[in-house]
Amino acid sequence: MIILKTDHLTKRYGDKTVVSDLNLTVQSGQLIAFLGPNGAGKSTTIKMLTSLLPVSEGSVEINQTTNIQSIRQDIGIVFQESVLDNELTVRENLTIRARLYGSGVVKNVEPIIAKVGASAFADQLYASLSGGQRRRVDIARALLHKPKLLFLDEPTTGLDIQTRFSIWSMLKRMQREDGLTIFLTTHYLEEAEQANDVYIIDYGKLIAHGTAHELKRQFASGVLIVWSENYATLCDQMPKTWTTQLDDQEHVIRAHVPIDANVIAFLHDHQNDFTDFEFHKGSMDDVFLALTGREVR
Amino acid sequence: MTAIIDRNLKLFFRNRVGVFFSILSSLIVLLLYIVFLKHNMIVSWHQISRPTRLLDPWLIGGMLSVTAVTTTLDGVRQYVTDQERVAVDFEIAPVSEFKYQLAYGISAFIIGVMMQIVVFIVNAAYFGLADGVYFGFSTDVKLFLVCVENTLVTSLISMALATWVKSIDTWSTMESIVATASGFLSGIYIPIGSLPRFAQTLIKFYPGAYSASLYRRILMNEPMKHVFLNNEASVQRAFQSQLGIGYMIHGVVTTFGSEFMVTMLFGGLAVAFIVIKIAVEHMQERRLRYN
């Protein structure tokens, strides 16, 4: 079932087009990574998808409706900057937000505190929490009314690696166990590898879309480095699809190989011709740089 | 909506330093009166026996009027703060813009009434002990009713101002200007009768001046009856116009009823302002969203 669909979504500020002609289709229960360099239009898109920013052209349909009130019932948002009150405890924050959705939602507070692993600090002031604890509570806030679709704007930015892993495993568990659809933006590209579908935008336009594997196959190459006495001969024996560079001083071949190249077979066939080798598989970083260039925005 | 009210009150009263300073700005007036103003005023009203039984309640009246203004501004402060970060979280919840703003207005109202009660209790206790000035139960009830009406008006005006102010810095500046000016405009530091003509005219445009007059009428009703029992009506009128109990507008002196209506009118203007602002924003948003 399609849970989110945009049709030629566009946002203009005066003459400047920030998001242009964006068509997204998200199946229910998927985890979607939405990538782009700084200023590419990610946050603007998220704001339009979540009904917080009026669109200039096109439309957003969530759970088969364009009605803003129904959309808001179906979505939860974790904002880049926290929106909870520092001077209230975790439980107070969540209870007050739950009451906004009606008394029926208040009973969800305790199970959600347990679900995000916040029971131990539920009575602490929000201000006293660590970055990772806050993120858990922010996610709990977004899930209070049991939305079908959860948006997260850079949920792991600024967190240490352990916390990032634990937030991710929590999100993956919710996707698996509750069938929650998750739509997130991130700057950590290795996180995008875990997504079912990846969208990359730049200058407000969609420039690539597919699974991490598909994108890597299309846009990233592996790097094979081989140390060999007969490096020039060995280099000639490499398939023509590999782009090679020779280092005459160190007797090294550096080859960019397509993602589906059979590197193992090559190394096996020439195992007596080299002294050492290194191989790096193409990563989402390579895909991203290949698509968006290297200049700093 | 009750959730937002509950939250705002928790945030306000949990900030003990903030509450302390909010009350302090009113109680400073009491201190100024005791230290600087009281003596002069007693001297200038020496022809009245025991002038403190009139002057003490007169001061409380003005002080309550100022408290209603400053504490509701303080209460609405949360609304301005929230616009910078938290408002978006309420926007995605199914709460209408009208109820959302109403919640902040009601929070400010509750804060305003509670703070006035505290200020009144402190004053009544002090003047009771120092000057033997007491207030009867019926005075307290009437005072409470006027307090409710006036705080409703000041909350509405504060909300109308808040929908227009974009940053908390601007709000803080405005609050300190209003807090300073309101003491003069309600005529507590210098009685209106001692002010130049222009200042007197200026005061008549300030809604707090009318609420000050209302509070004073209630608090001074009993002692005025006793003090001016054997005097001509003109003596009492002169006293009242000197101290800002009733104002001369186009040759007519305002009464309790007309002052009440003036404050209601200011409240009505604030409501109209808020409603028009919400309606205009709503229309603009519709045009943007569905064009």
# chains A, B, ... in the order shown; residues from 1 in each chain; ligands from 1

call {"tool": "interface_residues", "arguments": {"of": "chain A", "to": "chain B", "cutoff": "10 Å", "atoms": "only C-alpha atoms", "output": "ChimeraX atom specification"}}
result
/A:48,50-59,68-73,75-79,81-88,92-93,95-102,141-142,145

call {"tool": "residues_around", "arguments": {"residues": "Tyr215 of chain B", "least_positions_apart": "6", "cutoff": "8 Å", "atoms": "only C-alpha atoms", "output": "PyMOL selection string"}}
result
chain B and resi 61-62+64-65+143+146-147

call {"tool": "select_by_dssp", "arguments": {"residues": "segment 23-104 of chain A", "states": "alpha helix (DSSP H)", "output": "number ranges by chain"}}
result
A: 42-49, 68-74, 90-100, 103-104

call {"tool": "residues_around", "arguments": {"residues": "Phe183 of chain A", "least_positions_apart": "6", "cutoff": "8 Å", "atoms": "only C-alpha atoms", "output": "mmCIF file with C-alpha atoms, in the first residue's frame"}}
result
data_model
loop_
_atom_site.group_PDB
_atom_site.id
_atom_site.type_symbol
_atom_site.label_atom_id
_atom_site.label_comp_id
_atom_site.auth_asym_id
_atom_site.auth_seq_id
_atom_site.Cartn_x
_atom_site.Cartn_y
_atom_site.Cartn_z
ATOM 1 C CA LEU A 31 12.397 2.804 5.855
ATOM 2 C CA ILE A 32 13.282 5.659 3.527
ATOM 3 C CA ALA A 33 16.487 7.685 3.634
ATOM 4 C CA PHE A 34 16.319 11.160 2.155
ATOM 5 C CA LEU A 149 4.342 7.388 9.237
ATOM 6 C CA LEU A 150 7.268 8.777 11.239
ATOM 7 C CA PHE A 151 9.393 11.620 9.883
ATOM 8 C CA LEU A 152 12.799 12.260 11.408
#

call {"tool": "closest_residue", "arguments": {"among": "A:Met284, A:Met1, A:Leu171, A:Val257", "to": "Val198 of chain A", "atoms": "only C-alpha atoms"}}
result
A:Met284

call {"tool": "residues_around", "arguments": {"residues": "segment 102-108 of chain B", "least_positions_apart": "6", "cutoff": "9 Å", "atoms": "only C-alpha atoms", "output": "number ranges by chain"}}
result
B: 1-6, 8-9, 71-79, 151-152, 155-156, 158-159

call {"tool": "closest_residue", "arguments": {"among": "B:Ile192, B:Val271, B:Ile48, B:Leu145", "to": "Gln240 of chain B", "atoms": "only C-alpha atoms"}}
result
B:Ile192

call {"tool": "atom_distance", "arguments": {"atom1": "atom CA of Lys42 of chain A", "atom2": "atom CA of Glu214 of chain A"}}
result
21.6 Å

call {"tool": "select_by_dssp", "arguments": {"residues": "segment 17-194 of chain A", "states": "strand (DSSP E)", "output": "ChimeraX atom specification"}}
result
/A:17-22,25-27,31-35,57-62,75-78,149-153,181-185

call {"tool": "atom_distance", "arguments": {"atom1": "atom CA of Pro207 of chain B", "atom2": "atom CA of Met63 of chain B"}}
result
14.2 Å

call {"tool": "residues_around", "arguments": {"residues": "Thr233 of chain A", "least_positions_apart": "4", "cutoff": "12 Å", "atoms": "only C-alpha atoms", "output": "JSON list (two decimals) with C-alpha atoms, in the first residue's frame"}}
result
[["chain", "number", "residue", "atom", "x", "y", "z"],
["A", 228, "SER", "CA", 53.41, -6.33, -7.42],
["A", 229, "GLU", "CA", 56.95, -6.65, -8.89],
["A", 237, "GLN", "CA", 45.71, -8.32, -17.59],
["A", 238, "MET", "CA", 43.02, -6.41, -15.69],
["A", 246, "LEU", "CA", 50.28, 2.97, -11.86],
["A", 251, "HIS", "CA", 55.10, -0.68, -7.76],
["A", 252, "VAL", "CA", 51.46, -0.29, -7.06],
["A", 253, "ILE", "CA", 48.36, -0.56, -9.23],
["A", 270, "HIS", "CA", 46.84, -14.07, -10.33],
["A", 273, "ASP", "CA", 51.76, -12.26, -9.29],
["A", 274, "PHE", "CA", 51.39, -9.88, -6.33]]

call {"tool": "closest_residue", "arguments": {"among": "B:Lys225, B:His282, B:Val29, B:Phe184", "to": "Ser96 of chain B", "atoms": "only C-alpha atoms"}}
result
B:His282

call {"tool": "residues_around", "arguments": {"residues": "segment 217-224 of chain B", "least_positions_apart": "4", "cutoff": "12 Å", "atoms": "only C-alpha atoms", "output": "PyMOL selection string"}}
result
chain B and resi 48-64+120+124+133-147+210-213+228-231+233+235-237+239-240+243-246+254-257+259-260

call {"tool": "residues_around", "arguments": {"residues": "Met170 of chain A", "least_positions_apart": "3", "cutoff": "12 Å", "atoms": "only C-alpha atoms", "output": "list in words"}}
result
Ala114, Lys115, Val116, Gly117, Arg135, Arg136, Ile139, Ala140, Thr163, Arg164, Phe165, Ser166, Ile167, Arg173, Met174, Gln175, Arg176, Glu177, Asp178, Leu180 and Ile182 of chain A

call {"tool": "atom_distance", "arguments": {"atom1": "atom CA of Gln133 of chain A", "atom2": "atom CA of Arg91 of chain A"}}
result
13.1 Å

call {"tool": "closest_residue", "arguments": {"among": "A:Gly210, A:Ile264, A:Val109, A:Ala118", "to": "Ser130 of chain A", "atoms": "only C-alpha atoms"}}
result
A:Ala118

call {"tool": "decode", "arguments": {"residues": "segment 177-201 of chain B", "atoms": "N, CA, C and O atoms", "output": "tab-separated table (two decimals), in the first residue's frame"}}
result
chain	number	residue	atom	x	y	z
B	177	ILE	N	9.54	48.57	29.41
B	177	ILE	CA	9.00	49.92	29.17
B	177	ILE	C	7.61	50.05	29.80
B	177	ILE	O	7.32	51.00	30.53
B	178	VAL	N	6.76	49.05	29.55
B	178	VAL	CA	5.39	49.09	30.10
B	178	VAL	C	5.42	49.10	31.62
B	178	VAL	O	4.69	49.86	32.27
B	179	ALA	N	6.30	48.27	32.21
B	179	ALA	CA	6.35	48.18	33.67
B	179	ALA	C	6.72	49.54	34.27
B	179	ALA	O	6.15	49.96	35.28
B	180	THR	N	7.66	50.23	33.64
B	180	THR	CA	8.07	51.54	34.15
B	180	THR	C	6.96	52.57	33.94
B	180	THR	O	6.59	53.31	34.86
B	181	ALA	N	6.44	52.58	32.70
B	181	ALA	CA	5.45	53.60	32.37
B	181	ALA	C	4.14	53.42	33.13
B	181	ALA	O	3.50	54.39	33.53
B	182	SER	N	3.75	52.14	33.37
B	182	SER	CA	2.42	51.90	33.95
B	182	SER	C	2.29	52.51	35.34
B	182	SER	O	1.22	52.98	35.71
B	183	GLY	N	3.39	52.56	36.09
B	183	GLY	CA	3.35	53.17	37.42
B	183	GLY	C	2.95	54.63	37.33
B	183	GLY	O	2.16	55.14	38.14
B	184	PHE	N	3.49	55.33	36.33
B	184	PHE	CA	3.16	56.74	36.16
B	184	PHE	C	1.77	56.91	35.55
B	184	PHE	O	1.00	57.76	35.97
B	185	LEU	N	1.47	56.05	34.53
B	185	LEU	CA	0.20	56.21	33.84
B	185	LEU	C	-0.99	55.85	34.73
B	185	LEU	O	-2.10	56.34	34.54
B	186	SER	N	-0.78	54.94	35.70
B	186	SER	CA	-1.86	54.64	36.65
B	186	SER	C	-1.86	55.66	37.80
B	186	SER	O	-2.67	55.57	38.71
B	187	GLY	N	-0.90	56.57	37.77
B	187	GLY	CA	-0.84	57.63	38.77
B	187	GLY	C	-0.54	57.15	40.18
B	187	GLY	O	-1.18	57.58	41.13
B	188	ILE	N	0.43	56.21	40.32
B	188	ILE	CA	0.75	55.81	41.69
B	188	ILE	C	1.94	56.58	42.25
B	188	ILE	O	2.02	56.81	43.43
B	189	TYR	N	2.89	56.96	41.41
B	189	TYR	CA	4.04	57.69	41.94
B	189	TYR	C	3.67	59.14	42.19
B	189	TYR	O	4.02	59.73	43.20
B	190	ILE	N	3.00	59.72	41.21
B	190	ILE	CA	2.56	61.10	41.35
B	190	ILE	C	1.06	61.14	41.07
B	190	ILE	O	0.63	60.68	40.00
B	191	PRO	N	0.23	61.64	41.99
B	191	PRO	CA	-1.21	61.68	41.74
B	191	PRO	C	-1.51	62.51	40.50
B	191	PRO	O	-0.82	63.51	40.24
B	192	ILE	N	-2.51	62.10	39.76
B	192	ILE	CA	-2.82	62.73	38.48
B	192	ILE	C	-3.04	64.25	38.61
B	192	ILE	O	-2.64	65.03	37.75
B	193	GLY	N	-3.60	64.67	39.74
B	193	GLY	CA	-3.90	66.09	39.93
B	193	GLY	C	-2.65	66.96	39.96
B	193	GLY	O	-2.70	68.16	39.69
B	194	SER	N	-1.49	66.36	40.29
B	194	SER	CA	-0.25	67.14	40.38
B	194	SER	C	0.50	67.16	39.07
B	194	SER	O	1.59	67.70	38.98
B	195	LEU	N	-0.07	66.51	38.04
B	195	LEU	CA	0.64	66.40	36.76
B	195	LEU	C	0.24	67.53	35.82
B	195	LEU	O	-0.86	68.08	35.93
B	196	PRO	N	1.14	67.88	34.87
B	196	PRO	CA	0.77	68.90	33.88
B	196	PRO	C	-0.38	68.40	32.99
B	196	PRO	O	-0.63	67.20	32.92
B	197	ARG	N	-1.01	69.35	32.31
B	197	ARG	CA	-2.23	69.04	31.55
B	197	ARG	C	-1.99	67.93	30.51
B	197	ARG	O	-2.79	67.02	30.36
B	198	PHE	N	-0.82	68.02	29.80
B	198	PHE	CA	-0.56	67.03	28.76
B	198	PHE	C	-0.50	65.61	29.34
B	198	PHE	O	-1.09	64.67	28.81
B	199	ALA	N	0.20	65.48	30.47
B	199	ALA	CA	0.33	64.17	31.10
B	199	ALA	C	-1.05	63.65	31.52
B	199	ALA	O	-1.35	62.46	31.38
B	200	GLN	N	-1.89	64.57	32.01
B	200	GLN	CA	-3.25	64.17	32.42
B	200	GLN	C	-4.03	63.63	31.22
B	200	GLN	O	-4.74	62.64	31.34
B	201	THR	N	-3.87	64.30	30.08
B	201	THR	CA	-4.57	63.84	28.87
B	201	THR	C	-4.05	62.47	28.44
B	201	THR	O	-4.81	61.57	28.09
